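Trainee: Provided herewith: work_17.tsv, TSV, C-alpha atoms.
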```
chain	number	residue	atom	x	y	z
A	1	MET	CA	56.27	150.43	-10.57
A	2	LYS	CA	54.50	147.44	-12.03
A	3	LEU	CA	53.39	149.26	-15.20
A	4	LEU	CA	56.98	150.13	-16.10
A	5	GLU	CA	58.33	146.68	-15.21
A	6	GLU	CA	55.72	145.07	-17.44
A	7	ARG	CA	56.62	147.41	-20.28
A	8	ILE	CA	60.33	146.60	-19.90
A	9	GLN	CA	59.54	142.88	-19.92
A	10	ARG	CA	57.42	143.29	-23.06
A	11	ASP	CA	59.45	145.78	-25.12
A	12	GLY	CA	62.92	145.90	-23.57
A	13	MET	CA	65.78	143.97	-25.16
A	14	VAL	CA	68.85	142.63	-23.37
A	15	LYS	CA	72.06	142.96	-25.37
A	16	ALA	CA	75.59	141.73	-24.71
A	17	GLY	CA	77.68	144.06	-22.55
A	18	ASN	CA	74.96	144.69	-19.94
A	19	ILE	CA	72.97	146.87	-22.30
A	20	LEU	CA	69.21	147.10	-21.80
A	21	LYS	CA	67.60	148.62	-24.85
A	22	VAL	CA	64.38	150.45	-24.03
A	23	ASP	CA	64.57	152.78	-26.98
A	24	SER	CA	61.10	151.94	-28.27
A	25	PHE	CA	59.37	153.71	-25.36
A	26	LEU	CA	61.89	155.41	-23.04
A	27	ASN	CA	64.88	157.10	-24.66
A	28	HIS	CA	64.61	157.37	-28.44
A	29	GLN	CA	60.94	156.83	-29.14
A	30	MET	CA	59.13	158.06	-26.02
A	31	ASP	CA	55.71	156.99	-24.72
A	32	VAL	CA	54.49	160.21	-23.11
A	33	ASP	CA	51.37	158.61	-21.64
A	34	LEU	CA	53.65	156.19	-19.77
A	35	PHE	CA	55.80	159.17	-18.69
A	36	ASP	CA	52.67	160.82	-17.29
A	37	ARG	CA	51.91	157.73	-15.18
A	38	MET	CA	55.52	157.74	-14.00
A	39	GLY	CA	55.11	161.40	-13.04
A	40	GLN	CA	52.08	160.61	-10.94
A	41	GLU	CA	54.01	157.85	-9.18
A	42	PHE	CA	56.99	160.14	-8.46
A	43	LYS	CA	54.54	162.75	-7.12
A	44	ARG	CA	53.06	160.12	-4.78
A	45	LEU	CA	56.51	158.92	-3.65
A	46	PHE	CA	57.83	162.47	-3.03
A	47	ALA	CA	54.52	163.96	-1.84
A	48	ASP	CA	56.00	165.33	1.40
A	49	ALA	CA	59.09	166.94	-0.18
A	50	PRO	CA	58.99	170.73	-0.83
A	51	ILE	CA	60.22	170.37	-4.42
A	52	ASN	CA	60.21	173.59	-6.46
A	53	LYS	CA	62.41	172.57	-9.40
A	54	ILE	CA	63.41	169.49	-11.36
A	55	LEU	CA	66.96	169.08	-12.63
A	56	THR	CA	67.96	166.69	-15.40
A	57	ILE	CA	70.67	166.24	-18.02
A	58	GLU	CA	70.46	166.26	-21.79
A	59	ALA	CA	69.34	164.54	-23.85
A	60	SER	CA	67.25	161.55	-22.89
A	61	GLY	CA	66.42	162.83	-19.39
A	62	ILE	CA	64.64	165.91	-20.71
A	63	GLY	CA	61.47	164.28	-21.99
A	64	ILE	CA	60.79	162.33	-18.82
A	65	ALA	CA	61.67	165.32	-16.63
A	66	CYS	CA	59.28	167.65	-18.48
A	67	VAL	CA	56.34	165.27	-18.29
A	68	VAL	CA	57.07	164.40	-14.65
A	69	ALA	CA	57.29	168.14	-13.86
A	70	GLN	CA	53.66	168.53	-14.86
A	71	SER	CA	52.64	166.42	-11.88
A	72	PHE	CA	54.66	168.73	-9.62
A	73	HIS	CA	53.85	172.01	-11.46
A	74	VAL	CA	57.47	173.11	-11.22
A	75	PRO	CA	59.96	174.18	-13.91
A	76	VAL	CA	62.65	171.90	-15.30
A	77	VAL	CA	66.29	172.87	-15.73
A	78	PHE	CA	68.51	170.65	-17.85
A	79	ALA	CA	72.29	170.54	-17.61
A	80	LYS	CA	73.97	170.95	-20.99
A	81	LYS	CA	76.84	168.78	-22.09
A	82	THR	CA	78.88	171.35	-24.01
A	83	GLN	CA	79.50	175.05	-23.82
A	84	SER	CA	77.04	176.78	-26.16
A	85	LEU	CA	77.13	180.27	-27.64
A	86	ASN	CA	73.61	180.68	-26.25
A	87	ILE	CA	74.85	180.36	-22.67
A	88	ASP	CA	76.63	183.50	-21.61
A	89	GLY	CA	77.52	184.72	-18.16
A	90	GLU	CA	78.57	182.39	-15.42
A	91	VAL	CA	77.73	178.73	-15.14
A	92	TYR	CA	78.08	175.95	-12.59
A	93	SER	CA	80.01	173.06	-14.10
A	94	SER	CA	81.13	169.55	-13.27
A	95	LYS	CA	82.45	166.50	-15.10
A	96	VAL	CA	80.60	163.31	-16.00
A	97	THR	CA	81.89	160.01	-17.36
A	98	SER	CA	79.42	158.52	-19.82
A	99	PHE	CA	78.88	154.76	-19.64
A	100	THR	CA	77.13	154.79	-23.02
A	101	HIS	CA	79.60	156.95	-24.90
A	102	GLN	CA	82.71	155.97	-22.92
A	103	ARG	CA	84.09	159.47	-22.56
A	104	VAL	CA	84.29	162.34	-20.07
A	105	TYR	CA	82.38	165.55	-20.71
A	106	ASP	CA	81.57	168.80	-18.93
A	107	ILE	CA	78.04	169.60	-17.83
A	108	ILE	CA	76.93	173.15	-17.17
A	109	VAL	CA	73.92	175.01	-15.77
A	110	SER	CA	73.53	178.77	-15.85
A	111	LYS	CA	73.90	180.25	-12.37
A	112	LYS	CA	70.61	182.09	-12.98
A	113	PHE	CA	68.67	178.85	-12.66
A	114	LEU	CA	70.03	177.29	-9.46
A	115	SER	CA	69.99	179.17	-6.16
A	116	PRO	CA	70.08	178.51	-2.39
A	117	GLU	CA	66.27	178.82	-2.34
A	118	ASP	CA	65.84	175.81	-4.64
A	119	HIS	CA	64.68	172.40	-3.47
A	120	ILE	CA	65.64	170.05	-6.26
A	121	LEU	CA	64.39	166.70	-7.51
A	122	ILE	CA	66.83	165.10	-9.96
A	123	ILE	CA	65.10	163.07	-12.68
A	124	ASP	CA	66.84	160.83	-15.21
A	125	ASP	CA	66.00	157.88	-17.40
A	126	PHE	CA	68.80	155.54	-16.32
A	127	LEU	CA	70.98	154.96	-13.27
A	128	ALA	CA	73.98	152.66	-13.69
A	129	ASN	CA	77.29	153.79	-12.20
A	130	GLY	CA	75.68	157.03	-10.99
A	131	CYS	CA	78.07	159.44	-12.70
A	132	ALA	CA	75.38	161.62	-14.21
A	133	VAL	CA	73.56	161.99	-10.88
A	134	THR	CA	76.82	162.68	-9.06
A	135	GLY	CA	77.64	165.40	-11.58
A	136	LEU	CA	74.22	166.98	-11.11
A	137	MET	CA	74.64	166.83	-7.33
A	138	GLU	CA	77.88	168.81	-7.65
A	139	LEU	CA	75.99	171.56	-9.48
A	140	ILE	CA	73.36	171.63	-6.73
A	141	ARG	CA	76.02	171.78	-4.02
A	142	ALA	CA	77.89	174.57	-5.81
A	143	ALA	CA	74.66	176.59	-5.99
A	144	GLY	CA	73.89	176.05	-2.30
A	145	ALA	CA	70.55	174.49	-3.26
A	146	THR	CA	68.92	171.56	-1.45
A	147	LEU	CA	68.69	168.10	-2.99
A	148	GLU	CA	65.32	166.65	-2.03
A	149	GLY	CA	65.73	163.39	-3.89
A	150	VAL	CA	66.49	161.49	-7.05
A	151	GLY	CA	63.86	159.89	-9.28
A	152	ILE	CA	65.00	157.35	-11.87
A	153	ALA	CA	63.02	155.41	-14.44
A	154	VAL	CA	65.31	152.36	-14.72
A	155	GLU	CA	68.08	151.49	-12.29
A	156	LYS	CA	70.61	148.80	-13.08
A	157	GLY	CA	70.68	147.30	-9.59
A	158	PHE	CA	73.72	145.15	-10.39
A	159	GLN	CA	75.84	148.27	-10.93
A	160	THR	CA	77.00	150.40	-8.03
A	161	GLY	CA	75.38	153.80	-8.56
A	162	GLY	CA	72.14	153.16	-6.68
A	163	GLN	CA	73.82	151.63	-3.64
A	164	GLN	CA	76.34	154.48	-3.46
A	165	LEU	CA	73.57	157.09	-3.43
A	166	ARG	CA	71.57	155.19	-0.79
A	167	ASP	CA	74.70	154.81	1.35
A	168	MET	CA	75.10	158.60	1.18
A	169	GLY	CA	71.60	158.95	2.66
A	170	ILE	CA	70.10	160.28	-0.55
A	171	ARG	CA	66.43	159.65	-1.08
A	172	LEU	CA	66.41	157.61	-4.28
A	173	GLU	CA	63.32	156.21	-5.96
A	174	SER	CA	63.87	154.06	-9.05
A	175	LEU	CA	60.59	152.99	-10.65
A	176	ALA	CA	62.16	149.77	-11.92
A	177	ILE	CA	65.33	148.18	-10.54
A	178	VAL	CA	66.82	145.52	-12.76
A	179	GLU	CA	68.44	142.98	-10.43
A	180	ALA	CA	69.73	140.73	-13.16
A	181	MET	CA	69.46	140.26	-16.88
A	182	ASP	CA	70.68	137.65	-19.33
A	183	ASP	CA	71.40	138.43	-22.94
A	184	THR	CA	71.30	134.76	-23.96
A	185	THR	CA	67.79	134.07	-22.63
A	186	GLY	CA	66.51	137.68	-22.57
A	187	LYS	CA	65.35	137.14	-18.98
A	188	ILE	CA	65.03	140.27	-16.81
A	189	THR	CA	64.58	140.07	-13.02
A	190	PHE	CA	63.38	143.07	-11.01
A	191	ARG	CA	63.98	143.93	-7.35
A	192	GLU	CA	60.84	143.81	-5.19
A	193	GLN	CA	59.71	147.29	-4.07
A	194	PRO	CA	56.54	146.81	-1.96
A	195	HIS	CA	56.07	150.55	-1.30
A	196	GLN	CA	55.66	151.27	-5.00
A	197	ASN	CA	52.55	150.97	-7.19
B	1	MET	CA	49.92	182.88	-29.48
B	2	LYS	CA	49.44	185.89	-27.25
B	3	LEU	CA	50.50	184.07	-24.08
B	4	LEU	CA	53.88	183.14	-25.58
B	5	GLU	CA	54.43	186.59	-27.13
B	6	GLU	CA	53.76	188.23	-23.77
B	7	ARG	CA	56.19	185.87	-22.08
B	8	ILE	CA	58.90	186.63	-24.67
B	9	GLN	CA	58.32	190.37	-24.18
B	10	ARG	CA	58.57	189.96	-20.42
B	11	ASP	CA	61.42	187.45	-20.01
B	12	GLY	CA	63.20	187.31	-23.39
B	13	MET	CA	66.45	189.20	-23.91
B	14	VAL	CA	67.76	190.51	-27.21
B	15	LYS	CA	71.51	190.15	-27.61
B	16	ALA	CA	73.88	191.34	-30.31
B	17	GLY	CA	74.20	188.99	-33.27
B	18	ASN	CA	70.46	188.39	-33.68
B	19	ILE	CA	70.32	186.24	-30.57
B	20	LEU	CA	67.05	186.04	-28.66
B	21	LYS	CA	67.64	184.53	-25.23
B	22	VAL	CA	64.58	182.74	-23.89
B	23	ASP	CA	66.53	180.40	-21.67
B	24	SER	CA	64.58	181.26	-18.51
B	25	PHE	CA	61.41	179.54	-19.75
B	26	LEU	CA	61.96	177.81	-23.12
B	27	ASN	CA	65.30	176.07	-23.70
B	28	HIS	CA	67.41	175.80	-20.54
B	29	GLN	CA	64.96	176.37	-17.72
B	30	MET	CA	61.60	175.17	-19.04
B	31	ASP	CA	58.11	176.27	-17.98
B	32	VAL	CA	56.14	173.07	-18.50
B	33	ASP	CA	52.80	174.71	-17.73
B	34	LEU	CA	53.46	177.11	-20.61
B	35	PHE	CA	54.46	174.11	-22.77
B	36	ASP	CA	51.12	172.51	-21.94
B	37	ARG	CA	49.25	175.61	-23.14
B	38	MET	CA	51.36	175.56	-26.30
B	39	GLY	CA	50.43	171.90	-26.79
B	40	GLN	CA	46.73	172.73	-26.56
B	41	GLU	CA	47.20	175.48	-29.16
B	42	PHE	CA	49.09	173.16	-31.55
B	43	LYS	CA	46.33	170.60	-31.10
B	44	ARG	CA	43.73	173.25	-32.03
B	45	LEU	CA	45.76	174.41	-35.06
B	46	PHE	CA	46.39	170.85	-36.35
B	47	ALA	CA	43.03	169.41	-35.24
B	48	ASP	CA	42.20	168.04	-38.71
B	49	ALA	CA	45.60	166.39	-39.36
B	50	PRO	CA	45.87	162.60	-38.77
B	51	ILE	CA	49.06	162.92	-36.70
B	52	ASN	CA	50.28	159.69	-35.09
B	53	LYS	CA	53.83	160.67	-34.14
B	54	ILE	CA	55.85	163.76	-33.21
B	55	LEU	CA	59.44	164.12	-34.41
B	56	THR	CA	61.95	166.51	-32.85
B	57	ILE	CA	65.70	166.90	-32.46
B	58	GLU	CA	67.85	166.87	-29.36
B	59	ALA	CA	68.26	168.60	-27.05
B	60	SER	CA	66.03	171.62	-26.50
B	61	GLY	CA	63.22	170.37	-28.76
B	62	ILE	CA	62.61	167.29	-26.62
B	63	GLY	CA	60.91	168.96	-23.66
B	64	ILE	CA	58.43	170.92	-25.74
B	65	ALA	CA	57.77	167.92	-27.99
B	66	CYS	CA	57.01	165.60	-25.06
B	67	VAL	CA	54.58	168.01	-23.39
B	68	VAL	CA	52.93	168.88	-26.72
B	69	ALA	CA	52.58	165.14	-27.47
B	70	GLN	CA	50.36	164.78	-24.43
B	71	SER	CA	47.72	166.92	-26.16
B	72	PHE	CA	47.90	164.59	-29.18
B	73	HIS	CA	48.36	161.33	-27.23
B	74	VAL	CA	51.05	160.17	-29.64
B	75	PRO	CA	54.67	159.08	-29.07
B	76	VAL	CA	57.66	161.33	-29.64
B	77	VAL	CA	60.79	160.33	-31.54
B	78	PHE	CA	63.85	162.52	-31.25
B	79	ALA	CA	66.69	162.60	-33.76
B	80	LYS	CA	70.10	162.16	-32.16
B	81	LYS	CA	73.06	164.29	-33.08
B	82	THR	CA	75.81	161.68	-32.87
B	83	GLN	CA	76.15	157.95	-33.35
B	84	SER	CA	75.67	156.26	-29.99
B	85	LEU	CA	76.61	152.77	-28.83
B	86	ASN	CA	72.98	152.37	-27.79
B	87	ILE	CA	71.76	152.74	-31.36
B	88	ASP	CA	72.50	149.61	-33.31
B	89	GLY	CA	71.07	148.41	-36.57
B	90	GLU	CA	70.20	150.70	-39.36
B	91	VAL	CA	69.36	154.35	-39.04
B	92	TYR	CA	68.11	157.14	-41.27
B	93	SER	CA	70.57	160.02	-41.28
B	94	SER	CA	70.97	163.53	-42.63
B	95	LYS	CA	73.17	166.55	-42.03
B	96	VAL	CA	72.29	169.75	-40.18
B	97	THR	CA	74.16	173.03	-39.91
B	98	SER	CA	73.77	174.52	-36.45
B	99	PHE	CA	73.26	178.28	-36.26
B	100	THR	CA	73.95	178.23	-32.54
B	101	HIS	CA	77.06	176.07	-32.56
B	102	GLN	CA	78.27	177.04	-36.04
B	103	ARG	CA	79.12	173.55	-37.20
B	104	VAL	CA	77.72	170.69	-39.28
B	105	TYR	CA	76.60	167.49	-37.59
B	106	ASP	CA	74.81	164.25	-38.46
B	107	ILE	CA	71.35	163.48	-37.15
B	108	ILE	CA	70.03	159.95	-36.99
B	109	VAL	CA	66.80	158.11	-36.22
B	110	SER	CA	66.51	154.36	-35.89
B	111	LYS	CA	64.63	152.88	-38.86
B	112	LYS	CA	62.42	151.07	-36.34
B	113	PHE	CA	60.71	154.33	-35.40
B	114	LEU	CA	59.82	155.90	-38.76
B	115	SER	CA	57.75	154.02	-41.33
B	116	PRO	CA	55.51	154.69	-44.36
B	117	GLU	CA	52.47	154.43	-42.05
B	118	ASP	CA	53.58	157.43	-39.98
B	119	HIS	CA	51.95	160.86	-40.20
B	120	ILE	CA	54.46	163.19	-38.60
B	121	LEU	CA	54.27	166.54	-36.85
B	122	ILE	CA	57.72	168.11	-36.45
B	123	ILE	CA	58.06	170.14	-33.23
B	124	ASP	CA	61.00	172.37	-32.32
B	125	ASP	CA	61.72	175.32	-30.09
B	126	PHE	CA	63.28	177.65	-32.67
B	127	LEU	CA	63.12	178.19	-36.43
B	128	ALA	CA	65.76	180.47	-37.95
B	129	ASN	CA	67.43	179.30	-41.17
B	130	GLY	CA	65.40	176.10	-41.12
B	131	CYS	CA	68.31	173.66	-41.24
B	132	ALA	CA	67.10	171.48	-38.38
B	133	VAL	CA	63.60	171.15	-39.87
B	134	THR	CA	65.05	170.43	-43.32
B	135	GLY	CA	67.23	167.71	-41.83
B	136	LEU	CA	64.22	166.15	-40.07
B	137	MET	CA	62.22	166.32	-43.32
B	138	GLU	CA	64.95	164.32	-45.05
B	139	LEU	CA	64.58	161.58	-42.44
B	140	ILE	CA	60.80	161.54	-42.98
B	141	ARG	CA	61.23	161.38	-46.76
B	142	ALA	CA	63.78	158.57	-46.48
B	143	ALA	CA	61.34	156.57	-44.34
B	144	GLY	CA	58.46	157.13	-46.78
B	145	ALA	CA	56.45	158.72	-43.97
B	146	THR	CA	54.06	161.66	-44.40
B	147	LEU	CA	54.87	165.11	-43.06
B	148	GLU	CA	51.63	166.61	-41.74
B	149	GLY	CA	53.12	169.85	-40.54
B	150	VAL	CA	55.69	171.73	-38.53
B	151	GLY	CA	55.02	173.35	-35.15
B	152	ILE	CA	57.53	175.86	-33.83
B	153	ALA	CA	57.57	177.82	-30.59
B	154	VAL	CA	59.55	180.85	-31.78
B	155	GLU	CA	60.26	181.70	-35.43
B	156	LYS	CA	62.76	184.37	-36.36
B	157	GLY	CA	60.68	185.87	-39.17
B	158	PHE	CA	63.56	188.00	-40.40
B	159	GLN	CA	65.55	184.87	-41.29
B	160	THR	CA	64.67	182.73	-44.28
B	161	GLY	CA	63.69	179.33	-42.85
B	162	GLY	CA	59.99	180.01	-42.34
B	163	GLN	CA	59.42	181.53	-45.78
B	164	GLN	CA	61.28	178.67	-47.46
B	165	LEU	CA	59.08	176.08	-45.76
B	166	ARG	CA	55.88	178.00	-46.61
B	167	ASP	CA	57.03	178.36	-50.25
B	168	MET	CA	57.41	174.57	-50.35
B	169	GLY	CA	53.75	174.26	-49.34
B	170	ILE	CA	54.53	172.93	-45.90
B	171	ARG	CA	51.97	173.59	-43.19
B	172	LEU	CA	53.95	175.61	-40.67
B	173	GLU	CA	52.59	177.04	-37.44
B	174	SER	CA	54.93	179.18	-35.35
B	175	LEU	CA	53.35	180.27	-32.08
B	176	ALA	CA	55.39	183.48	-32.06
B	177	ILE	CA	57.04	185.04	-35.11
B	178	VAL	CA	59.61	187.68	-34.30
B	179	GLU	CA	59.44	190.21	-37.15
B	180	ALA	CA	62.18	192.45	-35.79
B	181	MET	CA	64.28	192.90	-32.69
B	182	ASP	CA	66.77	195.50	-31.53
B	183	ASP	CA	69.55	194.69	-29.11
B	184	THR	CA	70.11	198.37	-28.25
B	185	THR	CA	66.52	199.08	-27.13
B	186	GLY	CA	65.46	195.49	-26.38
B	187	LYS	CA	62.35	196.05	-28.51
B	188	ILE	CA	60.75	192.94	-30.02
B	189	THR	CA	58.05	193.16	-32.72
B	190	PHE	CA	55.85	190.16	-33.56
B	191	ARG	CA	54.06	189.32	-36.81
B	192	GLU	CA	50.25	189.47	-36.56
B	193	GLN	CA	48.64	186.01	-36.72
B	194	PRO	CA	44.86	186.53	-36.46
B	195	HIS	CA	44.04	182.79	-36.67
B	196	GLN	CA	45.99	182.08	-33.49
B	197	ASN	CA	44.90	182.40	-29.88
```
Give the structure from the file, written as structure tokens.
Mentor:
Amino acid sequence: MKLLEERIQRDGMVKAGNILKVDSFLNHQMDVDLFDRMGQEFKRLFADAPINKILTIEASGIGIACVVAQSFHVPVVFAKKTQSLNIDGEVYSSKVTSFTHQRVYDIIVSKKFLSPEDHILIIDDFLANGCAVTGLMELIRAAGATLEGVGIAVEKGFQTGGQQLRDMGIRLESLAIVEAMDDTTGKITFREQPHQN
Amino acid sequence: MKLLEERIQRDGMVKAGNILKVDSFLNHQMDVDLFDRMGQEFKRLFADAPINKILTIEASGIGIACVVAQSFHVPVVFAKKTQSLNIDGEVYSSKVTSFTHQRVYDIIVSKKFLSPEDHILIIDDFLANGCAVTGLMELIRAAGATLEGVGIAVEKGFQTGGQQLRDMGIRLESLAIVEAMDDTTGKITFREQPHQN
């Protein structure tokens, strides 16, 4: 998506350790008008999929997922990272290794909100090693729901998560795929995606 | 807001310990079309305020804040609950006591995203003892920004947070104020708010 790539080039910052900081518009301060344009693009890309629910993971996925969901007119469910007193009854759970926080945590979704009737689009802000998406897929599988696809804002194409998902036959659309980045020059190179706006 | 009160009556569940579960549409599964109507109502209620940014706190405030922000066409900043590797440089911080999780935690916002030029609307899903809002107000004060008001989806009117904020002269709009609830009968009583839709 050219609009997002241009925004990353303008406001993104490459840091040592393969960190791309996009916190001024994507995952700390959030540009909701940009999110709305991203939602329209996801709707175009997944137009033929019978999506009735969007699944994401707290925290930074929630904002994008909620705005994107308005283009689909479907509810959002977010997986929580810790057991909360406000979640009673049974939950689906899986484990995720966080690249950012360098630890393993449990994610849970109430069984009330995932069922075999659901056709799910996973939405998240970042895809790197794919652990968050894999954890969400386990929840979907446990519920007997159908995964229709995965929509990502920024994929780090030089890490393995995206390729692993594509090799599994999962329909993955990343609106910007960073092919390479250099923290000494700040240069960011994107993968060509001719089918995208 | 009648639409929200009706939804709470229909889908909310009163549990022992003064817990109101609205996780089927507000803070686990999220009805984004309802959030959009809430955003239009907040925009009507704060029409005269020169709001240029919305501030919320992870995790369940983010979805509502992002959809509400679309009615204002302003960015959202969310306060994070723990120090993350992805936040470098200086941050504003304060402490919040969680009613739900019964513990104290730090909240932080990067100094890049709050400044004396900002006119802030705080948005959150719940107001009970007011600790989250008070913590966010400390961040705003530290940044020298202006607090224009506080917009809440559901206020527990029988707890003290709302009255404390109103006594401080803060402009607070809660779209539904629960005056009383009974976990044996399930009955929920709302405070009358004639100025609201």
Trainee: Quick one: everything within 8 Å of region 115-132 of chain A, counting all atoms listed in the file, minus sequence neighbours fewer than 4 positions away in the same chain. Send it as a PyMOL selection string.
Mentor: chain A and resi 26-27+50-57+60-62+64-65+96-99+111+136+140+143-157+159-162+164-165
Trainee: Show me the residues around (51.3, 185.2, -39.0) - criterion: an atom at most 10 Å away, all atoms listed in the file counted - as a PyMOL selection string.
Mentor: chain B and resi 1+157+173-179+190-196
Trainee: For a quick test of understanding: name the residues of chain A lying within 7 Å of chain B when counting all atoms listed in the file, and present them as a PyMOL selection string.
Mentor: chain A and resi 28-33+58-59+62-63+66-67+69-70+73+75-78+84-86+100-101+113
Trainee: Would you compute the distance between CA of Ser94 (chain A) and CA of Phe158 (chain A)? Give it in Å to one decimal.
Mentor: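 Result for CA of Ser94 (chain A) versus CA of Phe158 (chain A): 25.7 Å, one decimal.
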Trainee: For CA of Ser71 (chain B) and CA of Phe42 (chain B), determine how far apart the two atoms are, in Å to one decimal place.
Mentor: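 Pair CA of Ser71 (chain B) / CA of Phe42 (chain B) returns 8.4 Å.
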Trainee: With distances taken over all atoms listed in the file, which residue among B:Ser93, B:Leu139, B:Ile188, B:Thr82 lies nearest Gly12 (chain B)?
Mentor: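 Closest candidate: B:Ile188.
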Trainee: What is the distance, in Å and to one decimal place, between CA of Thr185 (chain B) and CA of Leu3 (chain B)?
Mentor: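 Spanning CA of Thr185 (chain B) to CA of Leu3 (chain B) is a straight-line distance of 22.2 Å.
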Trainee: Within 12 Å of Gly186 (chain B), counting all atoms listed in the file, which residues qualify if same-chain residues fewer than 2 places away don't, as an NGL selection string?
Mentor: :B and (8-16 or 18-21 or 180-184 or 188-189)
